[in-house]
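Here's query.txt, which has compact mmCIF, C-alpha atoms:
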```
# COMPACT_ATOMS: atom_id res chain seq x y z
CA MET H 1 -155.82 -8.45 -89.37
CA LYS H 2 -155.08 -11.01 -86.69
CA THR H 3 -156.68 -14.38 -87.28
CA GLY H 4 -156.73 -17.65 -85.38
CA ILE H 5 -157.28 -18.02 -81.68
CA LYS H 6 -157.65 -14.72 -79.87
CA LYS H 7 -155.86 -14.16 -76.62
CA ILE H 8 -157.69 -12.96 -73.54
CA LEU H 9 -156.47 -11.47 -70.31
CA LEU H 10 -158.75 -11.76 -67.28
CA ILE H 11 -158.65 -9.13 -64.56
CA VAL H 12 -160.87 -10.96 -62.12
CA PRO H 13 -160.29 -11.14 -58.36
CA SER H 14 -162.05 -14.49 -57.94
CA MET H 15 -159.89 -17.42 -59.02
CA ILE H 16 -163.01 -19.57 -59.12
CA VAL H 17 -164.67 -17.28 -61.63
CA ALA H 18 -161.43 -16.87 -63.59
CA ARG H 19 -160.81 -20.62 -63.82
CA GLY H 20 -164.45 -21.14 -64.73
CA LEU H 21 -164.28 -18.66 -67.59
CA GLU H 22 -161.03 -20.21 -68.73
CA ALA H 23 -162.60 -23.69 -68.84
CA VAL H 24 -165.73 -22.51 -70.67
CA LEU H 25 -163.66 -20.66 -73.26
CA ARG H 26 -161.30 -23.58 -73.74
CA GLU H 27 -164.22 -25.83 -74.64
CA LEU H 28 -165.40 -23.43 -77.31
CA GLY H 29 -161.97 -22.91 -78.84
CA GLU H 30 -162.14 -19.43 -80.34
CA PHE H 31 -160.58 -17.65 -77.39
CA ARG H 32 -157.78 -18.65 -75.08
CA VAL H 33 -157.08 -17.22 -71.65
CA GLU H 34 -153.49 -16.00 -71.79
CA GLY H 35 -153.24 -14.61 -68.29
CA ILE H 36 -155.14 -13.90 -65.11
CA LEU H 37 -154.60 -10.89 -62.88
CA THR H 38 -156.39 -10.82 -59.57
CA ASP H 39 -155.62 -7.17 -58.84
CA LEU H 40 -154.17 -4.10 -60.52
CA SER H 41 -151.12 -3.50 -58.39
CA ARG H 42 -147.96 -2.09 -59.89
CA ASP H 43 -146.66 -5.55 -60.79
CA SER H 44 -149.94 -6.42 -62.47
CA GLU H 45 -149.87 -3.19 -64.45
CA ILE H 46 -146.43 -4.08 -65.75
CA ARG H 47 -147.67 -7.48 -66.84
CA LEU H 48 -150.65 -5.82 -68.46
CA ARG H 49 -148.37 -3.51 -70.40
CA ASN H 50 -146.10 -6.28 -71.59
CA MET H 51 -148.85 -8.66 -72.55
CA ASP H 52 -150.00 -8.73 -76.13
CA VAL H 53 -153.65 -9.77 -75.92
CA ASP H 54 -156.65 -9.11 -78.14
CA LEU H 55 -159.21 -8.78 -75.43
CA ILE H 56 -159.32 -7.93 -71.74
CA VAL H 57 -162.19 -9.04 -69.52
CA VAL H 58 -162.41 -7.04 -66.34
CA ASP H 59 -164.50 -7.43 -63.21
CA PRO H 60 -164.85 -3.92 -61.73
CA VAL H 61 -164.77 -5.41 -58.22
CA VAL H 62 -160.95 -5.19 -58.39
CA PHE H 63 -161.24 -1.44 -58.19
CA ASP H 64 -162.41 0.48 -55.18
CA TYR H 65 -165.74 2.23 -55.34
CA CYS H 66 -164.40 5.69 -56.22
CA SER H 67 -162.28 4.62 -59.16
CA ARG H 68 -164.77 2.24 -60.76
CA GLY H 69 -165.91 4.85 -63.27
CA ASN H 70 -162.34 5.12 -64.63
CA VAL H 71 -161.54 1.44 -65.08
CA ARG H 72 -161.73 1.64 -68.87
CA SER H 73 -159.32 4.56 -69.13
CA ARG H 74 -156.94 3.07 -66.59
CA ILE H 75 -156.64 -0.05 -68.76
CA ALA H 76 -156.34 2.01 -71.93
CA GLU H 77 -153.21 3.61 -70.46
CA ASN H 78 -151.54 0.23 -70.43
CA SER H 79 -153.03 -1.71 -73.30
CA ASP H 80 -154.67 -1.18 -76.69
CA ALA H 81 -156.80 -4.33 -76.45
CA SER H 82 -160.61 -4.25 -76.49
CA VAL H 83 -162.05 -4.25 -72.99
CA VAL H 84 -165.12 -6.22 -72.00
CA LEU H 85 -166.84 -5.70 -68.68
CA LEU H 86 -167.75 -8.71 -66.58
CA ASN H 87 -170.88 -7.26 -65.11
CA THR H 88 -170.89 -8.39 -61.49
CA LEU H 89 -172.11 -5.12 -60.03
CA PRO H 90 -174.95 -2.75 -60.82
CA GLN H 91 -173.32 -0.12 -63.02
CA ASP H 92 -174.35 3.18 -64.42
CA ASP H 93 -175.30 3.11 -68.15
CA GLU H 94 -172.73 5.80 -68.78
CA VAL H 95 -170.02 3.51 -67.39
CA LEU H 96 -171.23 0.53 -69.44
CA ARG H 97 -170.92 2.53 -72.64
CA GLN H 98 -167.17 2.97 -72.11
CA TYR H 99 -166.62 -0.72 -72.76
CA ASP H 100 -166.39 -2.57 -76.05
CA GLY H 101 -168.79 -5.19 -74.69
CA VAL H 102 -170.49 -6.46 -71.54
CA ILE H 103 -170.82 -10.06 -70.40
CA GLY H 104 -172.54 -11.50 -67.34
CA LEU H 105 -171.91 -14.46 -65.08
CA TYR H 106 -175.18 -16.05 -66.18
CA ASP H 107 -174.62 -15.73 -69.94
CA ALA H 108 -174.84 -18.97 -71.91
CA PRO H 109 -171.32 -19.87 -73.09
CA VAL H 110 -172.16 -19.46 -76.78
CA ALA H 111 -173.82 -16.10 -76.23
CA MET H 112 -170.76 -14.98 -74.30
CA VAL H 113 -168.36 -16.00 -77.06
CA LYS H 114 -170.52 -14.11 -79.54
CA LYS H 115 -170.28 -10.96 -77.44
CA LEU H 116 -166.52 -11.37 -77.07
CA ARG H 117 -166.19 -11.83 -80.83
CA GLU H 118 -168.16 -8.65 -81.51
CA ALA H 119 -166.08 -6.71 -79.00
CA ALA H 120 -162.80 -7.86 -80.55
CA ALA H 121 -164.06 -7.01 -84.04
CA SER H 122 -165.42 -3.56 -83.17
CA HIS H 123 -162.05 -2.55 -81.82
CA MET H 124 -160.15 -3.74 -84.86
CA GLU H 125 -162.45 -1.87 -87.22
CA MET H 126 -161.92 1.32 -85.34
CA SER H 127 -158.16 1.16 -85.53
CA GLU H 128 -157.97 0.03 -89.14
CA SER H 129 -160.83 1.95 -90.66
CA ASP H 130 -158.78 4.70 -92.24
CA GLY H 131 -155.61 4.94 -94.27
CA PRO H 132 -152.09 5.39 -92.94
CA ASP H 133 -151.85 9.04 -93.99
CA LEU H 134 -153.29 11.97 -92.10
CA SER H 135 -156.72 13.05 -93.34
CA ALA H 136 -157.34 16.66 -94.34
CA ARG H 137 -159.11 17.34 -91.05
CA GLU H 138 -156.31 15.73 -89.05
CA LYS H 139 -153.79 17.96 -90.81
CA GLU H 140 -155.85 21.04 -89.95
CA ILE H 141 -155.96 20.01 -86.33
CA LEU H 142 -152.26 19.21 -86.29
CA VAL H 143 -151.54 22.73 -87.53
CA CYS H 144 -153.62 24.16 -84.67
CA VAL H 145 -151.70 22.02 -82.17
CA ALA H 146 -148.40 23.17 -83.65
CA LYS H 147 -149.51 26.77 -83.27
CA GLY H 148 -150.07 26.12 -79.58
CA MET H 149 -153.88 26.07 -79.51
CA LEU H 150 -155.63 24.21 -76.70
CA ASN H 151 -158.18 21.44 -77.36
CA LYS H 152 -160.98 23.73 -76.26
CA GLU H 153 -159.85 26.48 -78.65
CA ILE H 154 -159.59 24.02 -81.53
CA ALA H 155 -163.08 22.69 -80.77
CA ASP H 156 -164.53 26.21 -80.80
CA TYR H 157 -162.64 27.18 -83.95
CA TYR H 158 -164.05 24.28 -85.98
CA SER H 159 -167.36 24.08 -84.08
CA ILE H 160 -166.78 20.45 -83.13
CA SER H 161 -166.91 18.79 -79.72
CA ILE H 162 -163.81 18.60 -77.56
CA HIS H 163 -164.24 14.83 -77.62
CA THR H 164 -163.88 14.84 -81.42
CA VAL H 165 -160.72 16.93 -81.13
CA ILE H 166 -159.27 14.38 -78.72
CA THR H 167 -160.14 11.51 -81.08
CA HIS H 168 -158.42 13.33 -83.95
CA ARG H 169 -155.36 13.94 -81.81
CA LYS H 170 -155.21 10.29 -80.82
CA ASN H 171 -155.37 9.29 -84.48
CA ILE H 172 -152.64 11.78 -85.39
CA THR H 173 -150.40 10.28 -82.71
CA ARG H 174 -151.19 6.73 -83.79
CA LYS H 175 -150.37 7.46 -87.42
CA THR H 176 -147.24 9.56 -86.94
CA GLY H 177 -145.93 7.88 -83.77
CA ILE H 178 -145.43 11.36 -82.27
CA LYS H 179 -146.95 12.32 -78.93
CA THR H 180 -145.51 15.54 -77.59
CA ILE H 181 -146.58 18.97 -78.80
CA ALA H 182 -142.97 19.88 -79.57
CA GLY H 183 -142.68 16.71 -81.67
CA LEU H 184 -145.92 17.42 -83.53
CA THR H 185 -144.69 20.93 -84.27
CA VAL H 186 -141.52 19.48 -85.76
CA TYR H 187 -143.62 17.14 -87.88
CA ALA H 188 -145.76 20.02 -89.14
CA LEU H 189 -142.67 22.08 -90.01
CA LEU H 190 -140.78 19.27 -91.76
CA ASN H 191 -143.86 18.45 -93.83
CA ASN H 192 -144.45 22.08 -94.73
CA LEU H 193 -147.88 22.11 -93.13
CA VAL H 194 -147.10 25.38 -91.39
CA ASP H 195 -145.06 28.40 -92.28
CA PRO H 196 -142.04 28.59 -89.92
CA GLY H 197 -142.78 32.31 -89.54
CA SER H 198 -146.12 31.54 -87.88
CA ILE H 199 -144.43 29.59 -85.08
CA GLU H 200 -142.09 30.98 -82.49
CA MET H 201 -138.66 29.64 -83.27
CA MET G 1 -133.65 -15.18 -74.87
CA GLU G 2 -134.05 -18.41 -72.91
CA ARG G 3 -134.61 -17.44 -69.32
CA MET G 4 -131.77 -18.37 -67.06
CA LYS G 5 -131.51 -17.42 -63.45
CA PHE G 6 -128.29 -15.55 -62.73
CA THR G 7 -126.42 -16.71 -59.64
CA ASP G 8 -123.39 -15.33 -57.89
CA SER G 9 -121.36 -18.46 -58.67
CA MET G 10 -121.57 -17.66 -62.37
CA LYS G 11 -118.41 -16.42 -64.09
CA LEU G 12 -118.46 -12.83 -65.33
CA ALA G 13 -117.37 -14.07 -68.75
CA GLU G 14 -120.41 -16.36 -68.92
CA LEU G 15 -122.67 -13.51 -67.92
CA ILE G 16 -121.37 -11.25 -70.67
CA SER G 17 -121.57 -14.04 -73.24
CA LEU G 18 -125.24 -14.46 -72.33
CA ASN G 19 -125.98 -10.77 -72.71
CA TRP G 20 -123.24 -8.51 -74.04
CA LYS G 21 -125.32 -5.45 -73.25
CA LEU G 22 -124.40 -6.03 -69.59
CA LEU G 23 -120.96 -4.64 -70.44
CA SER G 24 -122.32 -1.17 -69.80
CA VAL G 25 -123.68 -2.32 -66.42
CA LEU G 26 -120.22 -3.61 -65.45
CA SER G 27 -118.50 -0.38 -66.38
CA ARG G 28 -121.08 1.70 -64.49
CA LEU G 29 -120.36 -0.40 -61.40
CA GLY G 30 -116.63 0.10 -61.86
CA ILE G 31 -115.86 -3.47 -62.90
CA GLY G 32 -113.40 -3.41 -65.77
CA LEU G 33 -112.63 -6.14 -68.31
CA GLY G 34 -109.73 -8.52 -67.89
CA PHE G 35 -111.60 -10.28 -65.09
CA GLY G 36 -110.25 -13.70 -66.12
CA GLU G 37 -112.16 -16.54 -64.50
CA SER G 38 -113.67 -14.44 -61.68
CA THR G 39 -117.16 -15.31 -60.57
CA ILE G 40 -119.77 -12.67 -59.87
CA ARG G 41 -119.32 -13.21 -56.12
CA GLU G 42 -115.54 -12.66 -56.32
CA ALA G 43 -115.81 -9.58 -58.52
CA CYS G 44 -118.48 -8.03 -56.32
CA GLY G 45 -116.35 -8.72 -53.25
CA ARG G 46 -113.35 -7.03 -54.86
CA HIS G 47 -115.34 -3.95 -55.82
CA GLY G 48 -117.45 -3.69 -52.67
CA ILE G 49 -120.73 -4.28 -54.46
CA ASN G 50 -123.65 -6.09 -52.86
CA PRO G 51 -124.00 -9.28 -54.99
CA SER G 52 -127.81 -9.42 -54.68
CA SER G 53 -128.08 -5.88 -56.00
CA PHE G 54 -125.75 -6.80 -58.84
CA LEU G 55 -127.83 -9.84 -59.78
CA LEU G 56 -131.04 -7.82 -59.60
CA ILE G 57 -129.72 -5.14 -61.92
CA CYS G 58 -128.40 -7.72 -64.40
CA SER G 59 -131.71 -9.61 -64.40
CA VAL G 60 -133.82 -6.50 -64.97
CA TYR G 61 -131.41 -5.46 -67.68
CA THR G 62 -131.58 -8.80 -69.46
CA TYR G 63 -135.20 -9.92 -69.26
CA ASP G 64 -137.92 -7.61 -70.48
CA ASP G 65 -140.71 -8.65 -68.17
CA TYR G 66 -138.56 -9.45 -65.15
CA ILE G 67 -140.23 -8.72 -61.85
CA PRO G 68 -138.00 -9.12 -58.78
CA SER G 69 -139.26 -11.38 -56.02
CA ALA G 70 -139.71 -10.08 -52.50
CA ASP G 71 -136.72 -12.15 -51.35
CA MET G 72 -134.44 -10.67 -53.98
CA LEU G 73 -135.51 -7.17 -52.97
CA LYS G 74 -134.91 -7.95 -49.30
CA ASP G 75 -131.29 -8.95 -49.96
CA ALA G 76 -130.50 -6.02 -52.23
CA GLU G 77 -128.86 -2.93 -50.85
CA PRO G 78 -130.26 0.54 -51.51
CA LEU G 79 -126.82 2.20 -51.63
CA SER G 80 -125.56 -0.06 -54.44
CA ILE G 81 -128.71 0.60 -56.44
CA VAL G 82 -128.42 4.35 -55.98
CA GLU G 83 -124.73 4.22 -56.88
CA TYR G 84 -125.60 2.37 -60.06
CA LEU G 85 -128.37 4.81 -61.01
CA HIS G 86 -126.11 7.76 -60.30
CA ASN G 87 -123.31 6.35 -62.46
CA SER G 88 -125.83 5.65 -65.20
CA HIS G 89 -126.86 9.31 -65.21
CA SER G 90 -123.24 10.38 -65.65
CA PHE G 91 -122.84 7.82 -68.41
CA TYR G 92 -125.90 9.09 -70.30
CA LEU G 93 -124.91 12.73 -70.03
CA ASP G 94 -121.16 12.39 -70.57
CA LYS G 95 -121.09 9.60 -73.15
CA GLU G 96 -124.41 8.82 -74.81
CA PHE G 97 -125.59 12.39 -75.23
CA VAL G 98 -122.21 13.57 -76.43
CA SER G 99 -122.11 10.93 -79.16
CA LEU G 100 -125.77 11.48 -80.01
CA GLU G 101 -125.08 15.18 -80.38
CA LYS G 102 -122.09 14.46 -82.60
CA ASN G 103 -124.18 12.22 -84.81
CA MET G 104 -126.94 14.77 -84.91
CA ASN G 105 -124.61 17.55 -85.98
CA ALA G 106 -123.25 15.34 -88.75
CA LEU G 107 -126.79 14.55 -89.85
CA ALA G 108 -128.01 18.13 -89.54
CA GLY G 109 -124.96 19.37 -91.42
CA SER G 110 -126.03 17.43 -94.47
CA CYS G 111 -129.62 18.76 -94.39
CA GLU G 112 -130.89 22.06 -95.63
CA ALA G 113 -130.85 24.95 -93.16
CA MET G 114 -134.50 24.84 -92.12
CA SER G 115 -134.62 21.10 -91.27
CA LYS G 116 -131.34 21.50 -89.45
CA LYS G 117 -132.66 24.28 -87.27
CA ILE G 118 -135.86 22.39 -86.45
CA LEU G 119 -134.05 19.17 -85.54
CA VAL G 120 -131.38 20.82 -83.42
CA ARG G 121 -134.00 22.78 -81.51
CA PHE G 122 -136.07 19.72 -80.73
CA PHE G 123 -132.99 17.80 -79.62
CA ASP G 124 -131.88 20.63 -77.32
CA GLU G 125 -135.32 20.75 -75.71
CA TYR G 126 -135.22 17.02 -75.14
CA LYS G 127 -131.74 17.21 -73.63
CA THR G 128 -132.80 19.95 -71.23
CA GLN G 129 -135.79 17.87 -70.15
CA VAL G 130 -133.54 14.87 -69.42
CA GLN G 131 -131.04 17.02 -67.53
CA ASN G 132 -133.81 18.44 -65.34
CA HIS G 133 -135.18 14.98 -64.69
CA PHE G 134 -131.77 13.63 -63.68
CA ALA G 135 -131.02 16.72 -61.60
CA TYR G 136 -134.17 16.17 -59.54
CA GLU G 137 -133.16 12.60 -58.81
CA GLU G 138 -129.57 13.56 -58.02
CA ASN G 139 -130.48 16.48 -55.78
CA VAL G 140 -133.59 15.21 -54.04
CA VAL G 141 -134.23 11.49 -54.41
CA PHE G 142 -130.74 10.00 -54.07
CA PRO G 143 -129.71 12.07 -51.03
CA TYR G 144 -133.01 11.08 -49.40
CA VAL G 145 -132.39 7.37 -50.02
CA ARG G 146 -128.76 7.61 -48.83
CA ALA G 147 -129.87 9.30 -45.63
CA LEU G 148 -132.64 6.77 -45.08
CA ALA G 149 -130.20 3.88 -45.57
CA GLU G 150 -128.10 5.38 -42.77
CA GLY G 151 -131.16 5.46 -40.56
CA LYS G 152 -131.83 9.18 -40.88
CA ARG G 153 -135.48 10.12 -41.28
CA THR G 154 -136.64 13.07 -43.33
CA GLU G 155 -140.19 14.02 -42.55
CA SER G 156 -140.62 16.42 -45.43
CA TYR G 157 -140.12 13.87 -48.20
CA SER G 158 -141.16 10.35 -49.04
CA ILE G 159 -140.58 8.11 -52.03
CA GLU G 160 -144.26 8.47 -52.84
CA GLN G 161 -143.50 11.98 -54.10
CA PHE G 162 -140.85 10.55 -56.37
CA GLU G 163 -143.44 8.28 -57.91
CA GLU G 164 -145.65 11.31 -58.51
CA ASN G 165 -142.83 13.37 -60.01
CA HIS G 166 -141.63 10.52 -62.12
CA THR G 167 -142.65 12.01 -65.45
CA ASN G 168 -142.08 10.25 -68.67
CA ILE G 169 -139.13 11.59 -70.55
CA ASP G 170 -139.39 8.63 -72.89
CA GLU G 171 -142.20 10.26 -74.90
CA ALA G 172 -139.90 12.96 -76.21
CA LEU G 173 -137.23 10.40 -77.11
CA ASN G 174 -139.83 8.30 -78.88
CA ASP G 175 -140.84 11.38 -80.88
CA LEU G 176 -137.22 12.12 -81.72
CA LYS G 177 -136.84 8.56 -82.96
CA ASN G 178 -139.88 8.79 -85.22
CA ILE G 179 -138.90 12.19 -86.55
CA VAL G 180 -135.37 11.06 -87.39
CA MET G 181 -136.54 7.75 -88.83
CA LYS G 182 -139.58 8.85 -90.80
CA TYR G 183 -139.57 12.54 -91.47
CA MET G 184 -136.05 13.84 -92.01
CA PRO G 185 -135.64 14.58 -95.74
CA GLU G 186 -134.22 11.84 -97.94
CA THR G 187 -131.48 14.20 -99.05
CA CYS G 188 -129.72 13.91 -95.66
CA ASP G 189 -126.54 11.86 -95.51
CA ALA G 190 -127.47 8.17 -95.15
CA VAL G 191 -124.53 7.10 -92.96
CA SER G 192 -124.96 9.78 -90.33
CA HIS G 193 -128.70 9.30 -90.53
CA ASN G 194 -128.27 5.62 -89.58
CA GLU G 195 -125.69 6.40 -86.90
CA MET G 196 -128.08 8.85 -85.28
CA LEU G 197 -130.86 6.29 -85.30
CA TYR G 198 -128.66 3.51 -83.87
CA GLY G 199 -127.77 5.87 -81.05
CA ILE G 200 -131.42 6.68 -80.34
CA PHE G 201 -132.45 3.01 -80.30
CA ARG G 202 -129.62 2.17 -77.92
CA LEU G 203 -130.43 5.04 -75.59
CA GLU G 204 -134.14 4.22 -75.67
CA ASP G 205 -133.44 0.62 -74.70
CA ASP G 206 -131.07 1.62 -71.94
CA LEU G 207 -133.34 4.29 -70.46
CA ARG G 208 -136.25 1.85 -70.43
CA LYS G 209 -134.22 -0.51 -68.23
CA HIS G 210 -133.11 2.42 -66.12
CA THR G 211 -136.73 3.30 -65.42
CA VAL G 212 -137.59 -0.31 -64.54
CA ILE G 213 -134.72 -0.36 -62.04
CA GLU G 214 -136.10 2.81 -60.45
CA ASP G 215 -139.72 1.66 -60.43
CA CYS G 216 -139.41 -2.04 -59.64
CA VAL G 217 -136.23 -2.13 -57.58
CA LEU G 218 -135.49 1.22 -55.95
CA ILE G 219 -139.03 2.22 -55.03
CA PRO G 220 -140.04 -1.09 -53.36
CA ILE G 221 -136.74 -1.19 -51.43
CA VAL G 222 -137.23 2.34 -50.19
CA ASN G 223 -140.88 1.65 -49.36
CA ARG G 224 -139.65 -1.13 -47.12
CA LEU G 225 -137.05 1.11 -45.46
CA GLU G 226 -139.70 3.75 -44.81
CA GLU G 227 -141.94 1.21 -43.12
CA LYS G 228 -139.24 0.13 -40.69
```
Would you mind writing the structure in this file as structure tokens?
Amino acid sequence: MKTGIKKILLIVPSMIVARGLEAVLRELGEFRVEGILTDLSRDSEIRLRNMDVDLIVVDPVVFDYCSRGNVRSRIAENSDASVVLLNTLPQDDEVLRQYDGVIGLYDAPVAMVKKLREAAASHMEMSESDGPDLSAREKEILVCVAKGMLNKEIADYYSISIHTVITHRKNITRKTGIKTIAGLTVYALLNNLVDPGSIEM
Amino acid sequence: MERMKFTDSMKLAELISLNWKLLSVLSRLGIGLGFGESTIREACGRHGINPSSFLLICSVYTYDDYIPSADMLKDAEPLSIVEYLHNSHSFYLDKEFVSLEKNMNALAGSCEAMSKKILVRFFDEYKTQVQNHFAYEENVVFPYVRALAEGKRTESYSIEQFEENHTNIDEALNDLKNIVMKYMPETCDAVSHNEMLYGIFRLEDDLRKHTVIEDCVLIPIVNRLEEK
């Protein structure tokens, strides 16, 4: 587990707010602002991808109205860090739940640091909660994927939600390092999880 | 690597000493070794290469998070960039893939029949994917950019479509890497196993730079041409 000062990336269009947050966090020590992006252009996305930070604080104002609901997933495409919302706009509860934490402009500095700490910790727990090997359920789902079943079909087959199937698939990819269906099929075959006869070769 | 700005007054020998991986860039641009004390400017002049384009390519190739400035992009020349990308495609298909395939056959030959069949099949699928990806760029994107550079407009296509079609072939290569590294049986021959993996790492590195040159150099330059 990472210890010491945690690195934060701010995606905040207002330099005044960004510098303010930076100063407040510097005084309290636990977190350090590693970078500030004022938009999410292509260049910014590249920086986001190359930056190794523990936490991202994002002000949804940087996104246009239509894409605000997808901010969380757009960041997840480029970074594994926890994402905290800087709540500058009235947001739907459903949207708020996508984030690992929510802070506001009027939070007391200590309260804010506490929220950031919780957000960073919740994310770490999630990714380190289970062992490095595939669980029995993950193996079952991997076999289904190798056989060419769709997420919906797998969900129906095991009577679980499609969301759970997606979480399992993410974990399978994280543990094996393999993303494509063809690659997962190879994994299943090499590890004797499926009978070669049951897959078109 | 300590960041150093490349300039056209630098000697080629210095450049290569700083980053020997640029050797492959030189050969793709048709600059051979034996360049003596030539500077970048002299060598580019001799080979008809736009020096700004040359410096851009070398910088992207050397520094991982390099983002070209607007000025650099303005001075670069689309034709040199396309020429470089085209030569890179030939290099991947004619050299890298051939040696990767050789290594893979050596590796597969030492494995039992089933693993061999599985590995070869996955590799062939990956190769086909890469060939299709390159073919699209060669047949659609590059001719479009060449025409645009000559001032010819094509209404039916824009570089925006390229961005949309720009699928990630790196996922399959990443999978191949993990499969070869982690999941091929221990009984396979160790030397060819390593050789195969070296080849994959090298190709992965090179293709990553290739994509950056397309995304951060070619696309912005073409965007600018389209706006004119």
Between CA of Glu22 (chain H) and CA of Lys6 (chain H) lies a distance of 12.9 Å
Can you find the residues with an atom no farther than 9 Å from (-136.6, 14.7, -90.5), counting only C-alpha atoms, and report them as a compact mmCIF listing (two decimals) with C-alpha atoms, in the coordinates of the input?
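Result file part_39.txt:
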```
# COMPACT_ATOMS: atom_id res chain seq x y z
CA VAL H 186 -141.52 19.48 -85.76
CA TYR H 187 -143.62 17.14 -87.88
CA LEU H 190 -140.78 19.27 -91.76
CA ASN H 191 -143.86 18.45 -93.83
CA CYS G 111 -129.62 18.76 -94.39
CA SER G 115 -134.62 21.10 -91.27
CA LYS G 116 -131.34 21.50 -89.45
CA ILE G 118 -135.86 22.39 -86.45
CA LEU G 119 -134.05 19.17 -85.54
CA ASN G 178 -139.88 8.79 -85.22
CA ILE G 179 -138.90 12.19 -86.55
CA VAL G 180 -135.37 11.06 -87.39
CA MET G 181 -136.54 7.75 -88.83
CA LYS G 182 -139.58 8.85 -90.80
CA TYR G 183 -139.57 12.54 -91.47
CA MET G 184 -136.05 13.84 -92.01
CA PRO G 185 -135.64 14.58 -95.74
CA GLU G 186 -134.22 11.84 -97.94
CA CYS G 188 -129.72 13.91 -95.66
```
Non-local contacts of Ile166 (chain H) (12 Å; only C-alpha atoms; under 5 positions in same chain excluded) as a tab-separated table (two decimals) with C-alpha atoms, in the coordinates of the input:
```
chain	number	residue	atom	x	y	z
H	138	GLU	CA	-156.31	15.73	-89.05
H	141	ILE	CA	-155.96	20.01	-86.33
H	142	LEU	CA	-152.26	19.21	-86.29
H	145	VAL	CA	-151.70	22.02	-82.17
H	150	LEU	CA	-155.63	24.21	-76.70
H	151	ASN	CA	-158.18	21.44	-77.36
H	152	LYS	CA	-160.98	23.73	-76.26
H	154	ILE	CA	-159.59	24.02	-81.53
H	155	ALA	CA	-163.08	22.69	-80.77
H	160	ILE	CA	-166.78	20.45	-83.13
H	161	SER	CA	-166.91	18.79	-79.72
H	171	ASN	CA	-155.37	9.29	-84.48
H	172	ILE	CA	-152.64	11.78	-85.39
H	173	THR	CA	-150.40	10.28	-82.71
```
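Those residues positioned at most 9 Å from (-160.8, -9.3, -70.8) are H:Ile8, H:Leu9, H:Leu10, H:Ile11, H:Val12, H:Val33, H:Val53, H:Asp54, H:Leu55, H:Ile56, H:Val57, H:Val58, H:Asp59, H:Ala81, H:Ser82, H:Val83, H:Val84, H:Leu85, H:Leu86, H:Leu116, judged using only C-alpha atoms.
Minimum atom-to-atom distance to Phe142 (chain G), evaluated using only C-alpha atoms, belongs to G:His89 out of G:Arg41, G:Arg121, G:His89, G:Lys177.
Between Lys115 (chain H) and the residues H:Leu28, H:Ser41, H:Asn50, H:Ile103, the shortest atom-to-atom distance, using all atoms listed in the file, involves H:Ile103.
In terms of minimum interatomic distance to Pro13 (chain H), H:Phe63 ranks closest within H:Phe63, H:Glu30, H:Met112, H:Val194, counting only C-alpha atoms.
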Using all atoms listed in the file, the residue out of H:Arg74, H:Gly29, H:Ala18, H:Ser198 with shortest distance to Val110 (chain H) is H:Gly29
With 6 Å on each side, where is the centre of the axis-aligned box around all listed atoms of region 120-125 of chain G, and how long are its edges in Å to one decimal, as AutoDock Vina command-line options?
```
--center_x -133.7 --center_y 20.3 --center_z -79.6 --size_x 16.7 --size_y 17.0 --size_z 19.7
```
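Residues with any atom within 8 Å of region 24-30 of chain G, counting only C-alpha atoms and excluding same-chain neighbours fewer than 5 positions away, are His47, Ile49, Cys58, Glu83, Tyr84, Asn87, Ser88 and Phe91 of chain G.
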Find the residues of chain H in contact range of chain G, meaning any atom within 12 Å when counting all atoms listed in the file, and list them as number ranges by chain. H: 41-51, 173-192, 195-197, 199-201
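Nearest residue to Asp75 (chain G), choosing from G:Leu100, G:Leu23, G:Ala108, G:Leu56 and counting all atoms listed in the file: G:Leu56.
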*Can you list, as number ranges by chain, every protein, DNA or RNA residue that comes within 9 Å of Glu226 (chain G) when you count all atoms listed in the file, leaving out same-chain residues fewer than 6 positions away?*
G: 148, 153, 158-159
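CA of Leu105 (chain H) lies 9.1 Å from CA of Leu21 (chain H).
CA of Ser69 (chain G) to CA of Asp64 (chain H) spans 26.0 Å [interatomic distance, one decimal].
For the set H:Thr38, H:Ser67, H:Thr164, H:Thr88, the residue with the smallest atom-to-atom gap to Val102 (chain H) is H:Thr88, counting all atoms listed in the file.
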Which residues come within 10 Å of Leu93 (chain G), counting all atoms listed in the file, excluding same-chain residues fewer than 6 positions away, as a PDB file with C-alpha atoms, in the frame of the given file?
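Output saved as around.pdb:
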```
ATOM      1  CA  SER G  99    -122.110  10.930 -79.160  1.00  0.00           C
ATOM      2  CA  LYS G 127    -131.740  17.210 -73.630  1.00  0.00           C
ATOM      3  CA  VAL G 130    -133.540  14.870 -69.420  1.00  0.00           C
ATOM      4  CA  GLN G 131    -131.040  17.020 -67.530  1.00  0.00           C
ATOM      5  CA  PHE G 134    -131.770  13.630 -63.680  1.00  0.00           C
TER       6      PHE G 134
END
```
Long-range neighbours of Leu107 (chain G) as a PyMOL selection string, 9 Å cut-off, only C-alpha atoms, 3 positions minimum in chain: chain G and resi 102-104+110-111+116+188-193+195-196
Can I get a file of region 187-196 of chain G from the given structure, C-alpha atoms kept, as a CSV table (one decimal), in the first residue's frame?
```
chain,number,residue,atom,x,y,z
G,187,THR,CA,8.4,-26.7,-20.4
G,188,CYS,CA,8.9,-24.4,-23.4
G,189,ASP,CA,12.4,-23.6,-24.4
G,190,ALA,CA,13.7,-20.7,-22.2
G,191,VAL,CA,15.9,-19.0,-24.9
G,192,SER,CA,13.2,-18.8,-27.5
G,193,HIS,CA,10.7,-17.8,-24.9
G,194,ASN,CA,12.9,-14.8,-23.9
G,195,GLU,CA,13.6,-13.9,-27.5
G,196,MET,CA,9.9,-13.8,-28.2
```
